[in-house]
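J.: The file below is protein23.txt, compact mmCIF, C-alpha atoms and all ligand atoms:
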```
# COMPACT_ATOMS: atom_id res chain seq x y z
CA MET A 1 117.80 41.02 83.23
CA LEU A 2 115.13 39.29 81.17
CA ILE A 3 117.39 39.23 78.12
CA ARG A 4 120.32 37.59 79.89
CA LYS A 5 118.14 34.90 81.39
CA SER A 6 116.33 34.06 78.17
CA THR A 7 119.37 33.91 75.91
CA ASP A 8 120.83 31.38 78.34
CA ILE A 9 118.25 28.93 77.02
CA ARG A 10 119.81 27.43 73.91
CA PRO A 11 117.42 26.12 71.22
CA SER A 12 118.89 22.63 71.60
CA GLU A 13 118.03 22.63 75.29
CA ILE A 14 114.37 23.37 74.84
CA THR A 15 112.77 20.07 75.66
CA ASP A 16 109.74 21.02 77.64
CA GLN A 17 106.86 23.36 77.41
CA SER A 18 107.80 25.69 80.25
CA ALA A 19 111.29 26.32 78.84
CA TYR A 20 109.78 27.00 75.43
CA MET A 21 107.18 29.33 76.86
CA ARG A 22 109.88 31.28 78.74
CA ARG A 23 111.94 31.62 75.58
CA ARG A 24 108.84 32.42 73.55
CA GLU A 25 107.94 35.33 75.81
CA PHE A 26 111.45 36.57 75.29
CA MET A 27 111.24 36.14 71.52
CA TYR A 28 108.10 38.25 71.31
CA GLY A 29 109.60 40.85 73.62
CA ALA A 30 112.77 40.94 71.54
CA ALA A 31 110.83 41.20 68.31
CA ALA A 32 108.89 44.15 69.65
CA LEU A 33 112.15 45.88 70.50
CA GLY A 34 113.63 44.98 67.11
CA MET A 35 116.29 42.79 68.69
CA ALA A 36 115.41 39.37 67.26
CA ALA A 37 118.34 39.47 64.84
CA ALA A 38 120.76 39.68 67.75
CA LEU A 39 119.75 36.28 69.12
CA PRO A 40 122.24 33.42 68.99
CA ALA A 41 121.59 30.75 66.36
CA SER A 42 122.47 27.07 66.49
CA ALA A 43 124.13 25.31 63.55
CA PHE A 44 121.01 24.90 61.44
CA ALA A 45 118.23 26.79 63.20
CA MET A 46 117.63 30.53 63.23
CA PRO A 47 115.23 32.26 65.58
CA LEU A 48 112.04 33.54 63.97
CA SER A 49 109.69 36.05 65.47
CA ALA A 50 106.01 35.58 64.91
CA ILE A 51 102.69 36.86 66.13
CA LYS A 52 100.51 34.49 68.16
CA SER A 53 97.50 33.22 66.29
CA PRO A 54 94.09 32.80 67.93
CA LEU A 55 93.76 29.65 65.79
CA SER A 56 96.11 27.79 68.19
CA THR A 57 95.18 25.00 70.59
CA ASP A 58 96.21 25.35 74.24
CA GLU A 59 96.95 21.63 74.66
CA THR A 60 100.30 20.53 76.08
CA LEU A 61 103.07 20.76 73.50
CA THR A 62 104.88 17.63 72.38
CA PRO A 63 108.51 17.92 73.57
CA LEU A 64 110.89 19.28 70.91
CA LYS A 65 112.98 16.13 71.16
CA ASP A 66 110.05 13.97 70.04
CA VAL A 67 108.98 16.41 67.33
CA THR A 68 112.47 16.26 65.84
CA THR A 69 113.39 12.58 66.25
CA TYR A 70 110.14 10.72 65.55
CA ASN A 71 109.55 11.59 61.92
CA ASN A 72 108.30 10.40 58.56
CA PHE A 73 110.40 11.77 55.69
CA TYR A 74 110.92 8.86 53.34
CA GLU A 75 113.49 10.66 51.18
CA PHE A 76 115.82 10.09 54.16
CA GLY A 77 114.75 6.53 55.06
CA THR A 78 111.71 4.74 56.40
CA ASP A 79 112.58 4.37 60.09
CA LYS A 80 111.31 7.03 62.46
CA ASP A 81 114.83 8.08 63.43
CA ASP A 82 116.25 8.06 59.86
CA PRO A 83 115.27 11.68 59.06
CA SER A 84 116.95 13.09 62.18
CA LYS A 85 120.08 11.04 61.43
CA ASN A 86 120.26 11.68 57.69
CA ALA A 87 118.60 14.99 56.79
CA HIS A 88 121.64 17.08 57.69
CA THR A 89 122.85 16.45 54.11
CA LEU A 90 120.08 18.62 52.66
CA THR A 91 121.11 22.06 51.41
CA THR A 92 118.27 24.47 52.15
CA LYS A 93 119.84 27.78 51.12
CA PRO A 94 119.24 29.15 48.58
CA TRP A 95 115.71 27.75 48.10
CA LYS A 96 113.32 28.56 45.32
CA VAL A 97 109.60 27.83 45.24
CA LYS A 98 107.99 27.86 41.81
CA VAL A 99 104.31 28.82 41.74
CA ASP A 100 102.70 28.15 38.36
CA GLY A 101 99.83 26.55 36.47
CA LEU A 102 96.45 28.27 36.20
CA VAL A 103 97.53 31.60 37.69
CA ASN A 104 97.76 35.15 36.34
CA LYS A 105 101.06 35.88 38.04
CA PRO A 106 103.35 32.84 38.06
CA ALA A 107 106.40 33.35 40.28
CA ASP A 108 109.74 31.87 41.21
CA TYR A 109 110.04 32.91 44.83
CA ASP A 110 113.28 33.08 46.68
CA LEU A 111 112.21 31.76 50.06
CA ASP A 112 114.06 34.39 52.10
CA ASP A 113 112.31 37.19 50.16
CA LEU A 114 108.94 35.51 50.54
CA ILE A 115 109.31 35.15 54.31
CA LYS A 116 110.37 38.75 54.71
CA SER A 117 107.29 39.94 52.85
CA ILE A 118 104.59 38.20 54.93
CA ALA A 119 103.98 38.43 58.69
CA LEU A 120 104.80 35.11 60.34
CA GLU A 121 102.30 33.58 62.73
CA GLU A 122 102.70 30.95 65.39
CA ARG A 123 100.05 28.26 65.08
CA ILE A 124 99.95 25.54 67.73
CA TYR A 125 98.23 22.63 65.99
CA ARG A 126 97.26 19.08 66.85
CA MET A 127 98.76 16.77 64.23
CA ARG A 128 97.40 13.25 63.66
CA CYS A 129 99.35 10.61 61.73
CA VAL A 130 97.48 7.83 59.91
CA GLU A 131 99.64 5.34 61.85
CA GLY A 132 97.69 6.23 65.01
CA TRP A 133 99.91 8.71 66.84
CA SER A 134 99.53 12.41 67.39
CA MET A 135 101.55 15.44 68.47
CA VAL A 136 100.94 19.09 69.36
CA ILE A 137 103.41 21.30 67.50
CA PRO A 138 104.01 25.07 67.67
CA TRP A 139 104.49 25.82 63.96
CA ILE A 140 105.58 29.16 62.55
CA GLY A 141 104.27 29.97 59.12
CA VAL A 142 102.04 31.94 56.81
CA PRO A 143 98.53 31.20 55.58
CA LEU A 144 98.78 29.48 52.19
CA ALA A 145 95.89 31.74 51.13
CA SER A 146 98.10 34.83 51.42
CA VAL A 147 100.62 33.32 48.97
CA LEU A 148 97.87 32.17 46.59
CA ALA A 149 96.28 35.62 46.60
CA ARG A 150 99.50 37.09 45.21
CA ILE A 151 99.67 34.80 42.21
CA GLU A 152 95.97 35.23 41.38
CA PRO A 153 94.44 31.80 40.64
CA GLN A 154 92.42 31.80 37.41
CA GLY A 155 88.73 30.93 37.38
CA SER A 156 89.39 27.44 35.99
CA ALA A 157 91.76 26.50 38.86
CA LYS A 158 90.13 23.92 41.16
CA TYR A 159 93.07 22.24 42.90
CA VAL A 160 96.53 22.99 44.23
CA ALA A 161 99.34 20.49 43.59
CA PHE A 162 102.54 20.40 45.67
CA GLU A 163 105.91 18.85 44.92
CA THR A 164 108.97 18.06 47.07
CA LEU A 165 112.57 18.45 45.97
CA VAL A 166 114.25 15.62 44.03
CA ARG A 167 117.96 15.65 44.80
CA PRO A 168 119.34 12.10 45.10
CA ALA A 169 122.81 13.39 46.01
CA GLU A 170 121.37 14.78 49.24
CA MET A 171 118.36 12.52 49.80
CA PRO A 172 119.73 9.01 50.29
CA ALA A 173 116.48 7.06 49.74
CA GLN A 174 116.10 8.64 46.29
CA LYS A 175 119.17 6.80 45.06
CA GLY A 176 119.05 3.56 47.05
CA PHE A 177 118.16 0.13 45.66
CA PHE A 178 114.93 0.16 47.68
CA GLN A 179 112.78 3.15 46.70
CA PRO A 180 109.89 3.32 49.18
CA LEU A 181 107.87 5.80 47.06
CA PRO A 182 107.91 7.21 43.53
CA TRP A 183 109.66 10.62 43.52
CA PRO A 184 109.01 13.45 43.74
CA TYR A 185 106.73 13.19 46.77
CA VAL A 186 103.54 14.89 45.59
CA GLU A 187 100.40 16.07 47.34
CA GLY A 188 97.29 18.06 46.57
CA LEU A 189 94.36 19.97 48.03
CA ARG A 190 91.11 21.24 46.63
CA LEU A 191 91.39 25.03 46.14
CA ASP A 192 88.92 25.79 48.95
CA GLU A 193 90.91 23.54 51.33
CA ALA A 194 94.10 25.32 50.29
CA MET A 195 92.51 28.73 50.88
CA HIS A 196 91.13 27.76 54.30
CA PRO A 197 92.61 29.92 57.10
CA LEU A 198 93.87 26.82 58.97
CA THR A 199 96.10 25.76 56.04
CA ILE A 200 99.62 27.14 56.39
CA LEU A 201 103.04 26.96 54.83
CA ALA A 202 105.35 26.42 57.80
CA VAL A 203 108.90 27.73 57.87
CA GLY A 204 109.61 27.06 61.53
CA LEU A 205 108.65 25.34 64.75
CA TYR A 206 109.35 25.98 68.43
CA GLY A 207 110.43 29.56 67.65
CA GLU A 208 113.10 28.69 65.07
CA THR A 209 113.51 27.81 61.41
CA LEU A 210 112.36 24.28 60.57
CA PRO A 211 114.73 21.43 61.39
CA LYS A 212 115.61 19.58 58.18
CA GLN A 213 113.91 16.38 59.35
CA ASN A 214 110.64 18.33 59.72
CA GLY A 215 110.65 19.56 56.13
CA ALA A 216 113.02 22.53 55.93
CA PRO A 217 112.92 25.10 54.66
CA ILE A 218 109.18 25.16 53.86
CA ARG A 219 106.38 22.61 54.21
CA LEU A 220 102.63 22.42 54.12
CA VAL A 221 100.61 21.96 57.34
CA VAL A 222 96.93 20.93 57.14
CA PRO A 223 95.86 20.04 60.69
CA TRP A 224 92.49 18.39 59.96
CA LYS A 225 94.04 15.84 57.59
CA TYR A 226 96.35 12.90 58.27
CA GLY A 227 100.00 13.95 58.51
CA PHE A 228 101.01 12.60 55.10
CA LYS A 229 99.12 15.45 53.39
CA SER A 230 101.56 17.89 55.02
CA ILE A 231 104.24 17.64 52.33
CA LYS A 232 107.79 18.64 53.26
CA SER A 233 110.57 20.62 51.55
CA VAL A 234 108.25 22.06 48.90
CA VAL A 235 109.75 23.35 45.63
CA ARG A 236 106.65 23.71 43.47
CA ILE A 237 103.02 24.73 43.94
CA SER A 238 100.79 24.48 40.85
CA LEU A 239 97.18 25.42 40.31
CA THR A 240 95.33 22.78 38.28
CA GLU A 241 91.91 21.99 36.94
CA LYS A 242 92.19 18.23 37.57
CA GLU A 243 92.63 16.50 40.93
CA PRO A 244 96.40 16.16 41.44
CA LYS A 245 98.13 12.82 42.02
CA THR A 246 99.26 12.14 45.58
CA SER A 247 102.21 9.96 46.58
CA TRP A 248 100.46 7.60 48.94
CA SER A 249 97.47 6.95 46.71
CA LEU A 250 99.84 6.32 43.79
CA GLN A 251 101.68 3.80 45.93
CA ASN A 252 98.57 2.13 47.38
CA PRO A 253 95.21 3.45 46.11
CA ARG A 254 93.19 0.99 48.20
CA GLU A 255 94.64 2.34 51.44
CA TYR A 256 94.97 6.05 50.66
CA GLY A 257 92.53 8.47 49.08
CA PHE A 258 92.82 12.09 48.00
CA TYR A 259 90.95 13.71 50.88
CA SER A 260 92.50 11.94 53.89
CA ASN A 261 90.49 13.90 56.44
CA VAL A 262 91.00 12.59 59.96
CA ASN A 263 87.94 10.40 60.46
CA PRO A 264 87.56 8.06 63.45
CA ALA A 265 84.62 6.36 61.67
CA VAL A 266 86.68 5.18 58.69
CA ASP A 267 89.51 2.79 59.53
CA HIS A 268 92.63 2.41 57.44
CA PRO A 269 92.95 -1.25 56.37
CA ARG A 270 95.91 -1.66 58.74
CA TRP A 271 95.20 0.84 61.51
CA SER A 272 92.06 1.68 63.47
CA GLN A 273 91.47 5.43 63.42
CA ALA A 274 89.13 5.40 66.44
CA THR A 275 91.84 6.22 68.99
CA GLU A 276 95.32 7.69 69.09
CA ARG A 277 98.43 7.83 71.25
CA ARG A 278 100.01 11.20 72.01
CA ILE A 279 103.75 10.97 71.38
CA GLY A 280 105.81 12.06 74.37
CA ALA A 281 102.85 11.98 76.74
CA SER A 282 103.36 10.37 80.13
CA GLY A 283 103.08 6.61 80.02
CA GLY A 284 106.60 5.35 79.70
CA GLY A 285 109.55 5.52 77.35
CA LEU A 286 109.75 4.51 73.70
CA GLY A 287 108.08 7.76 72.72
CA GLY A 288 105.10 7.12 74.94
CA LEU A 289 104.45 3.72 73.39
CA PHE A 290 102.54 2.77 76.52
CA ALA A 291 100.73 6.08 76.84
CA LYS A 292 96.98 5.77 77.20
CA ARG A 293 95.11 5.96 73.90
CA HIS A 294 92.35 8.54 73.66
CA PRO A 295 89.51 9.00 71.18
CA THR A 296 90.28 10.64 67.84
CA LEU A 297 87.96 13.49 66.89
CA PRO A 298 86.41 13.99 63.44
CA PHE A 299 88.60 16.35 61.39
CA ASN A 300 91.13 16.04 64.21
CA GLY A 301 89.01 18.34 66.36
CA TYR A 302 88.82 21.10 63.71
CA GLY A 303 85.30 20.12 62.59
CA ASP A 304 83.71 23.43 63.63
CA GLN A 305 86.00 25.21 61.21
CA VAL A 306 86.19 22.78 58.29
CA ALA A 307 83.20 20.40 58.22
CA SER A 308 81.27 22.80 55.96
CA LEU A 309 83.87 22.25 53.21
CA TYR A 310 82.46 18.74 52.82
CA THR A 311 78.71 19.31 53.11
CA GLY A 312 76.84 16.65 51.16
CA MET A 313 79.94 14.50 50.51
CA ASP A 314 80.07 10.84 51.49
CA LEU A 315 83.30 10.84 53.52
CA LYS A 316 83.45 7.03 53.50
CA LYS A 317 83.63 7.10 49.73
CA TYR A 318 85.90 10.15 49.53
CA TYR A 319 88.39 8.97 52.17
N1 LIG B 1 106.83 14.89 52.86
C1 LIG B 1 107.78 14.31 52.11
N2 LIG B 1 108.35 15.00 51.13
N3 LIG B 1 108.18 13.02 52.32
C2 LIG B 1 107.60 12.23 53.30
O1 LIG B 1 107.97 11.06 53.43
N4 LIG B 1 105.94 12.10 55.08
C3 LIG B 1 104.59 12.57 55.46
C4 LIG B 1 104.55 14.09 55.70
N5 LIG B 1 105.27 14.78 54.65
C5 LIG B 1 106.58 12.82 54.09
C6 LIG B 1 106.23 14.18 53.87
C7 LIG B 1 104.08 11.86 56.64
S1 LIG B 1 103.65 10.23 56.40
C8 LIG B 1 103.91 12.47 57.85
S2 LIG B 1 103.12 11.68 59.13
C9 LIG B 1 104.43 13.83 58.09
O2 LIG B 1 105.14 14.36 56.98
C10 LIG B 1 105.36 13.81 59.30
O3 LIG B 1 105.80 15.09 59.63
P1 LIG B 1 106.80 15.25 60.88
O4 LIG B 1 107.92 14.28 60.70
O5 LIG B 1 107.26 16.66 60.87
O6 LIG B 1 105.99 14.93 62.11
```
Reformat the file's structure so that it appears as structure tokens.
T.:
Amino acid sequence: MLIRKSTDIRPSEITDQSAYMRRREFMYGAAALGMAAALPASAFAMPLSAIKSPLSTDETLTPLKDVTTYNNFYEFGTDKDDPSKNAHTLTTKPWKVKVDGLVNKPADYDLDDLIKSIALEERIYRMRCVEGWSMVIPWIGVPLASVLARIEPQGSAKYVAFETLVRPAEMPAQKGFFQPLPWPYVEGLRLDEAMHPLTILAVGLYGETLPKQNGAPIRLVVPWKYGFKSIKSVVRISLTEKEPKTSWSLQNPREYGFYSNVNPAVDHPRWSQATERRIGASGGGLGGLFAKRHPTLPFNGYGDQVASLYTGMDLKKYY
């Protein structure tokens, strides 16, 4: 009875929280009975079963439609709807992730093998973009720390550098006349930030594998930092001694720093960070363009967990 009802809800039809929650209950039930593999899959997405994490927020989820059509993924264009229109060209299977640098056990992971070997968790996180909007997204992923533990960082490793795929044949903005960023898209974290339990590598959202526009097949998610730190379609993770370069600070060092912690007290030169607008929240069409703005919290509300990482640091200087 339960099974028939739940499988009637196709992934593409999940646009609101209650439908997702109904399907989610089913997913966990199915996983427990070992039936997850029997679920229907849409063209690109596959169901994933995951355990619920206590590190989730209980705020209202942003509708799937907004999560998958209002995106930044400059390899596919600079408009918010470019990634959902263009990212279908990306081949995500097979996918290798190279982990190297200052580690004892460098590895070339096949993503499917990696996913099978670590328990997936669902983490519902608030996400805050530097442009002043926010979302609440049910990610599925693994703690980055559990991957780093396997490759054994050496004592001299102080940072983790991340790199996105370069494949102009499938990423139109990498071959166009106008190149919005230098490629590959690169990001970095301090090792203690990377090891923090809130930092995950996401392989899915809303109960399924990641849509391509959201960074399939694997992306970083760091919820207390502005969204641009959460690099998509990762192919390389390297442990380094020096602070890694990051795409946005390479492009505009005055506007973007390495740390990029959500901080309502430090404005971006073009956007106030004091308040934010929740995408998809009530307040009219155009992705909630007229939705009421509400105050942004230090570290995006994750201060209790992460503020101690920055004790004694001047966060105006290290923005
Ligand atoms: N990763 C890559 N490779 N390329 C990008 O352009 N954009 C970043 C980040 N990761 C980006 C990226 C920015 S600016 C944001 S706000 C988030 O992805 C958006 O993630 P979302 O589209 O899943 O909400």
J.: Can you list every residue of segment 169-198 of chain A that has an atom at most 10 Å from segment 65-89 of chain A, with its nearest atom pair and the distance in Å to one decimal, using all atoms listed in the file, ordered by chain then number, as a tab-separated table?
T.:
```
residue	atom	partner	partner_atom	distance
A:Ala169	CA	A:Thr89	CA	8.7
A:Glu170	CA	A:Thr89	CA	5.4
A:Met171	CA	A:Glu75	CA	5.4
A:Pro172	CA	A:Phe76	CA	5.6
A:Ala173	CA	A:Glu75	CA	4.9
A:Gln174	CA	A:Glu75	CA	5.9
A:Lys175	CA	A:Glu75	CA	9.2
A:Gly176	CA	A:Gly77	CA	9.6
A:Phe178	CA	A:Gly77	CA	9.8
A:Gln179	CA	A:Glu75	CA	8.8
A:Pro180	CA	A:Tyr74	CA	7.0
A:Leu181	CA	A:Tyr74	CA	7.6
A:Trp183	CA	A:Glu75	CA	8.6
A:Pro184	CA	A:Glu75	CA	9.1
A:Tyr185	CA	A:Glu75	CA	8.5
```
J.: Find the residues around segment 191-206 of chain A up to 6 Å (only C-alpha atoms counted), leave out those fewer than 3 positions away in its own chain, and share them as a list in words.
T.: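 Answer for this query is Pro138, Trp139, Ile140, Gly141, Val142, Pro143, Leu144, Ala145, Lys158, Tyr159, Val160, Thr209, Leu210, Pro217, Ile218, Arg219, Leu220, Val221 and Val222 of chain A.
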J.: Choose the residue, out of A:Gly132, A:Pro295, A:Pro168, A:Gly257, that has the smallest atom-to-atom separation from ligand LIG 1 (chain B); count all atoms listed in the file.
T.: A:Gly132
J.: Do you have, as CSV, the list of residues of segment 77-122 of chain A lying at most 12 Å from segment 233-249 of chain A, each with its nearest atom pair and that distance in Å to one decimal, counting only C-alpha atoms and ordered by chain then number?
T.:
```
residue,atom,partner,partner_atom,distance
A:Ala87,CA,A:Ser233,CA,11.1
A:Leu90,CA,A:Ser233,CA,9.8
A:Thr91,CA,A:Ser233,CA,10.6
A:Thr92,CA,A:Ser233,CA,8.6
A:Lys93,CA,A:Ser233,CA,11.7
A:Pro94,CA,A:Val235,CA,11.5
A:Trp95,CA,A:Val235,CA,7.8
A:Lys96,CA,A:Val235,CA,6.3
A:Val97,CA,A:Val235,CA,4.5
A:Lys98,CA,A:Arg236,CA,4.7
A:Val99,CA,A:Ile237,CA,4.8
A:Asp100,CA,A:Ser238,CA,4.8
A:Gly101,CA,A:Leu239,CA,4.8
A:Leu102,CA,A:Leu239,CA,5.1
A:Val103,CA,A:Leu239,CA,6.7
A:Asn104,CA,A:Leu239,CA,10.5
A:Lys105,CA,A:Leu239,CA,11.4
A:Pro106,CA,A:Ser238,CA,9.2
A:Ala107,CA,A:Ile237,CA,10.0
A:Asp108,CA,A:Arg236,CA,9.0
A:Tyr109,CA,A:Val235,CA,9.6
A:Asp110,CA,A:Val235,CA,10.4
A:Leu111,CA,A:Val235,CA,9.8
```
J.: Would you please work out which residue, of A:Gln213, A:His294, A:Pro269, A:Ile279, is nearest to Ala45 of chain A when using all atoms listed in the file?
T.: A:Gln213
J.: Centre and edge lengths, as JSON, for the axis-aligned box enclosing every listed atom of ligand LIG 1 (chain B) with 3 Å of padding on each of the six sides, in Å to one decimal?
T.:
```
{"center_x": 105.7, "center_y": 13.4, "center_z": 56.6, "size_x": 11.2, "size_y": 12.4, "size_z": 17.0}
```
J.: Atom CA of Pro298 of chain A to atom C6 of ligand LIG 1 (chain B): how many Å, to one decimal?
T.: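 For atom CA of Pro298 of chain A relative to atom C6 of ligand LIG 1 (chain B), the distance reads 22.0 Å.
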J.: Nearest residue to ligand LIG 1 (chain B) out of A:Glu187, A:Asp58, A:Glu121, A:Glu208, using all atoms listed in the file?
T.: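 Among A:Glu187, A:Asp58, A:Glu121, A:Glu208, it is A:Glu187 that comes nearest to ligand LIG 1 (chain B).
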J.: Please identify all polymer residues within 10 Å of Lys317 of chain A, counting all atoms listed in the file, omitting same-chain residues fewer than 4 positions from it, and present them as a PyMOL selection string.
T.: chain A and resi 257+259+266+313
J.: Missing atoms in segment 110-129 of chain A: can you complete it with N, CA, C and O atoms, as a CSV table (one decimal), keeping the file's coordinate frame?
T.:
```
chain,number,residue,atom,x,y,z
A,110,ASP,N,112.2,33.4,45.8
A,110,ASP,CA,113.3,33.1,46.7
A,110,ASP,C,112.7,33.0,48.1
A,110,ASP,O,112.0,34.0,48.5
A,111,LEU,N,112.9,31.9,48.8
A,111,LEU,CA,112.2,31.8,50.1
A,111,LEU,C,112.5,32.9,51.1
A,111,LEU,O,111.6,33.4,51.7
A,112,ASP,N,113.7,33.3,51.1
A,112,ASP,CA,114.1,34.4,52.1
A,112,ASP,C,113.2,35.6,51.8
A,112,ASP,O,112.7,36.3,52.7
A,113,ASP,N,113.1,36.0,50.5
A,113,ASP,CA,112.3,37.2,50.2
A,113,ASP,C,110.8,37.0,50.5
A,113,ASP,O,110.2,37.9,51.1
A,114,LEU,N,110.3,35.8,50.3
A,114,LEU,CA,108.9,35.5,50.5
A,114,LEU,C,108.6,35.7,52.0
A,114,LEU,O,107.7,36.3,52.4
A,115,ILE,N,109.5,35.1,52.9
A,115,ILE,CA,109.3,35.2,54.3
A,115,ILE,C,109.3,36.6,54.8
A,115,ILE,O,108.5,37.0,55.7
A,116,LYS,N,110.3,37.4,54.3
A,116,LYS,CA,110.4,38.8,54.7
A,116,LYS,C,109.1,39.6,54.4
A,116,LYS,O,108.8,40.5,55.0
A,117,SER,N,108.4,39.1,53.3
A,117,SER,CA,107.3,39.9,52.8
A,117,SER,C,105.9,39.6,53.5
A,117,SER,O,104.9,40.3,53.2
A,118,ILE,N,105.9,38.6,54.3
A,118,ILE,CA,104.6,38.2,54.9
A,118,ILE,C,104.8,38.0,56.4
A,118,ILE,O,105.8,37.5,56.9
A,119,ALA,N,103.9,38.6,57.2
A,119,ALA,CA,104.0,38.4,58.7
A,119,ALA,C,103.9,37.0,59.1
A,119,ALA,O,102.9,36.3,58.7
A,120,LEU,N,104.8,36.5,59.9
A,120,LEU,CA,104.8,35.1,60.3
A,120,LEU,C,103.9,35.0,61.6
A,120,LEU,O,103.8,35.9,62.4
A,121,GLU,N,103.2,33.8,61.6
A,121,GLU,CA,102.3,33.6,62.7
A,121,GLU,C,102.7,32.3,63.4
A,121,GLU,O,103.2,31.3,62.7
A,122,GLU,N,102.5,32.2,64.7
A,122,GLU,CA,102.7,31.0,65.4
A,122,GLU,C,101.3,30.3,65.5
A,122,GLU,O,100.4,30.9,66.0
A,123,ARG,N,101.3,29.0,65.0
A,123,ARG,CA,100.0,28.3,65.1
A,123,ARG,C,100.3,27.0,65.8
A,123,ARG,O,101.1,26.1,65.3
A,124,ILE,N,99.8,26.8,67.0
A,124,ILE,CA,100.0,25.5,67.7
A,124,ILE,C,98.8,24.6,67.3
A,124,ILE,O,97.7,24.8,67.6
A,125,TYR,N,99.2,23.5,66.6
A,125,TYR,CA,98.2,22.6,66.0
A,125,TYR,C,98.4,21.2,66.5
A,125,TYR,O,99.5,20.7,66.7
A,126,ARG,N,97.2,20.5,66.7
A,126,ARG,CA,97.3,19.1,66.8
A,126,ARG,C,97.6,18.5,65.5
A,126,ARG,O,97.0,18.9,64.5
A,127,MET,N,98.4,17.5,65.5
A,127,MET,CA,98.8,16.8,64.2
A,127,MET,C,98.5,15.3,64.4
A,127,MET,O,98.9,14.7,65.5
A,128,ARG,N,97.8,14.7,63.5
A,128,ARG,CA,97.4,13.2,63.7
A,128,ARG,C,98.0,12.5,62.5
A,128,ARG,O,97.7,12.7,61.3
A,129,CYS,N,98.8,11.5,62.8
A,129,CYS,CA,99.4,10.6,61.7
A,129,CYS,C,98.4,9.4,61.5
A,129,CYS,O,97.8,8.9,62.4
```
